[in-house]
Amino acid sequence: MKHLKYSAIILLVFTASCKKLIDIQTPQNQLTTDKVFADTTSATSAIVNAYALFDKIIDPNYNKFMSVYTDDATYPSTSADNVEFNNGKLSATNGVVGNFWSNSYNAIYSCNEIIEQLQQTSAIPTVMVGSLTGEAKFLRAYADFYLVSSYGPVPLIQTTNVDQTSKATRTDTAIVFAQIIADLKDAQNALPVTYIGAGKVRVNRWAATALLARAYLYSRNWTAAETQSSAVINAGSYSLNTPSTTFLANSNETILSFWTQNGFISDAASLIPASGAPLYPITSSLVSAFENGDLRKTNWLKSIAVTASGITTAYYYSYKYHNRTTNTSSPEYLVALRLAEQYLIRAEARAQQNNVSGAIQDLNIIRRRAGLNDLSSSLSQSACLNAIMQEWRVEFFMEWGHRFLELKRIGRLNQVMSAFKTAWLPQAAQLPIPQKDITYDPLLTQNTGY
């Protein structure tokens, strides 16, 4: 892919290491911003680099760990930080929690730098300034979404001005979501319907619309969530793949994915065992959640038999992604947004508006793809909402913390997890703010219970 050649050389132009939240030092031996925005090629390199952060740095510190944090996966080994996730009892000094926080804010800083510099350059055509700004606002919104959904109120950083960012305070979740929505609306207006370059690895208007639908769902704006998800579904650009091909690069179902240079995601080696027991086996709770005949179970889970001390045990592991090493003939990219979510968003939005029949229609589309029978049209509203949560679980396990986020969103996280993990406490619904950041920023407060 010619337009992504720069991601092989991860410049990290704007993402120097931070000692505190946004205490960004001037990068050494790297391109300065006047050079980065001197022409369209270098400006494109800057935005591509921002995309690369999500697959290479943010994903490995979030997806599998949030699955272990809930009842989707487990961690049977001894690494201290991982054990805390497995027990459901995190400390404010947990390295994984700190990495996700700092890397997310590094991505936001990169996006802010791109947005600011694009407004000052005269070397780049106006149309391209608009589309690059739209991409940066989308990525900023994407990072903000996971921060606020995971930690609760978080600093809302919209500038690179160190005088402001070094004294960051936490912002109410409603305000953060309002900014996420504003950024995504701007991205919608700025981005084309078609994808930039080859594949689905840079944001288009429908990707911005898909994330906007999710933001409205989390904000409980059911009407807007239905409107935006319907726009994506009715666009005619996407269709549900069979489970066996859902996660191939540029599948019909993919709305946005983060490009991978060698055709396998950064987490592949830790999720797919080369031999022996998997590092992050799937829980029996998740395995038993699938209905008989569900093609998602047979295609997205795989088991391996391990014999120890004469006892053979079968372990399940996530097999949504198949490539453990380089595969350029059948590559896989890290899926960020896909069509199935839009059906579930619309189903839930419809059910919440008491359009149960419309919700069931959407659920049945998902179920037919999985080889399952239709749900009864006579379901009550509460039964329909339960059915939606069931589909969220078996459809989106091991993807971007969906299990944690969906249970938290509907107010069932503590109920479900306290029955699954003996150490689980109510404060676990919010991740701890990293202690080192609180130490450096006296205006930054800790979540209750940490």
# chains A, B, ... in the order shown; residues from 1 in each chain; ligands from 1

call {"tool": "residues_around", "arguments": {"residues": "A:Gly263", "least_positions_apart": "6", "cutoff": "7 Å", "atoms": "only C-alpha atoms", "output": "PDB file with C-alpha atoms, in the first residue's frame"}}
result
ATOM      1  CA  THR A 326       3.411 -12.586   8.711  1.00  0.00           C
ATOM      2  CA  ASN A 327       0.710 -13.346   6.154  1.00  0.00           C
ATOM      3  CA  THR A 328       0.564 -11.063   3.145  1.00  0.00           C
ATOM      4  CA  PRO A 331      -3.743 -10.336   5.706  1.00  0.00           C
ATOM      5  CA  GLU A 332      -5.671  -9.232   8.784  1.00  0.00           C
ATOM      6  CA  TYR A 333      -5.923  -5.701  10.111  1.00  0.00           C
TER       7      TYR A 333
END

call {"tool": "residues_around", "arguments": {"residues": "A:Asp59", "least_positions_apart": "5", "cutoff": "12 Å", "atoms": "only C-alpha atoms", "output": "PyMOL selection string"}}
result
chain A and resi 51-54+64-66+96+99-101+103-104+143+146+258+265-268+334-336+398-401

call {"tool": "atom_distance", "arguments": {"atom1": "atom CA of A:Thr245", "atom2": "atom CA of A:Gln228"}}
result
25.7 Å

call {"tool": "residues_around", "arguments": {"residues": "A:Asn299", "least_positions_apart": "3", "cutoff": "7 Å", "atoms": "only C-alpha atoms", "output": "PyMOL selection string"}}
result
chain A and resi 243-244+295-296

call {"tool": "closest_atom_pairs", "arguments": {"of": "stretch 117-151 of chain A", "to": "stretch 408-417 of chain A", "cutoff": "12 Å", "atoms": "only C-alpha atoms", "output": "JSON lines"}}
result
{"residue": "A:Val148", "atom": "CA", "partner": "A:Arg409", "partner_atom": "CA", "distance": 11.9}
{"residue": "A:Ser149", "atom": "CA", "partner": "A:Arg409", "partner_atom": "CA", "distance": 8.6}
{"residue": "A:Ser150", "atom": "CA", "partner": "A:Lys408", "partner_atom": "CA", "distance": 9.3}
{"residue": "A:Tyr151", "atom": "CA", "partner": "A:Lys408", "partner_atom": "CA", "distance": 11.5}

call {"tool": "closest_residue", "arguments": {"among": "A:Ala340, A:Val203, A:Ser122, A:Thr41", "to": "A:Glu395", "atoms": "only C-alpha atoms"}}
result
A:Ala340

call {"tool": "closest_residue", "arguments": {"among": "A:Pro192, A:Gly293, A:Gly130, A:Pro442", "to": "A:Asn373", "atoms": "only C-alpha atoms"}}
result
A:Gly293

call {"tool": "closest_residue", "arguments": {"among": "A:Ala429, A:Thr194, A:Val154, A:Ala235", "to": "A:Ala168", "atoms": "only C-alpha atoms"}}
result
A:Val154

call {"tool": "closest_residue", "arguments": {"among": "A:Thr133, A:Ser377, A:Asn234, A:Ser318", "to": "A:Lys297", "atoms": "only C-alpha atoms"}}
result
A:Ser318

call {"tool": "select_by_dssp", "arguments": {"residues": "stretch 194-347 of chain A", "states": "alpha helix (DSSP H)", "output": "PyMOL selection string"}}
result
chain A and resi 205-218+222-233+268-271+284-287+295-300+339-347

call {"tool": "residues_around", "arguments": {"residues": "A:Lys167", "least_positions_apart": "2", "cutoff": "12 Å", "atoms": "only C-alpha atoms", "output": "ChimeraX atom specification"}}
result
/A:20-23,155-157,161-165,169-170,437-445

call {"tool": "write_last_selection", "arguments": {"atoms": "C-alpha atoms", "output": "PDB file, in the first residue's frame"}}
result
ATOM      1  CA  LYS A  20       3.189  13.347  33.416  1.00  0.00           C
ATOM      2  CA  LEU A  21      -0.140  13.602  31.647  1.00  0.00           C
ATOM      3  CA  ILE A  22       0.771  16.034  28.883  1.00  0.00           C
ATOM      4  CA  ASP A  23       4.277  17.116  29.804  1.00  0.00           C
ATOM      5  CA  PRO A 155      -8.898  15.631  31.435  1.00  0.00           C
ATOM      6  CA  LEU A 156     -10.262  16.904  28.149  1.00  0.00           C
ATOM      7  CA  ILE A 157      -7.169  17.953  26.229  1.00  0.00           C
ATOM      8  CA  ASN A 161      -0.186  24.384  25.090  1.00  0.00           C
ATOM      9  CA  VAL A 162       1.890  23.016  27.972  1.00  0.00           C
ATOM     10  CA  ASP A 163       0.837  25.872  30.280  1.00  0.00           C
ATOM     11  CA  GLN A 164      -2.711  24.514  30.045  1.00  0.00           C
ATOM     12  CA  THR A 165      -2.119  20.781  29.780  1.00  0.00           C
ATOM     13  CA  THR A 169      -8.147  18.670  35.792  1.00  0.00           C
ATOM     14  CA  ARG A 170     -10.791  16.032  35.287  1.00  0.00           C
ATOM     15  CA  ASP A 437       0.301  11.227  36.857  1.00  0.00           C
ATOM     16  CA  ILE A 438      -1.381  12.287  40.089  1.00  0.00           C
ATOM     17  CA  THR A 439       2.058  12.772  41.618  1.00  0.00           C
ATOM     18  CA  TYR A 440       3.155  15.111  38.828  1.00  0.00           C
ATOM     19  CA  ASP A 441      -0.183  16.930  38.494  1.00  0.00           C
ATOM     20  CA  PRO A 442      -1.606  17.985  41.898  1.00  0.00           C
ATOM     21  CA  LEU A 443      -4.870  19.046  40.233  1.00  0.00           C
ATOM     22  CA  LEU A 444      -5.514  15.480  39.048  1.00  0.00           C
ATOM     23  CA  THR A 445      -7.632  13.475  41.516  1.00  0.00           C
TER      24      THR A 445
END

call {"tool": "closest_residue", "arguments": {"among": "A:Leu248, A:Val193, A:Leu363, A:Ser102", "to": "A:Ile433", "atoms": "only C-alpha atoms"}}
result
A:Ser102

call {"tool": "atom_distance", "arguments": {"atom1": "atom CA of A:Trp424", "atom2": "atom CA of A:Leu147"}}
result
20.9 Å

call {"tool": "closest_residue", "arguments": {"among": "A:Gly371, A:Pro281, A:Pro125, A:Gly152", "to": "A:Val68", "atoms": "only C-alpha atoms"}}
result
A:Pro281
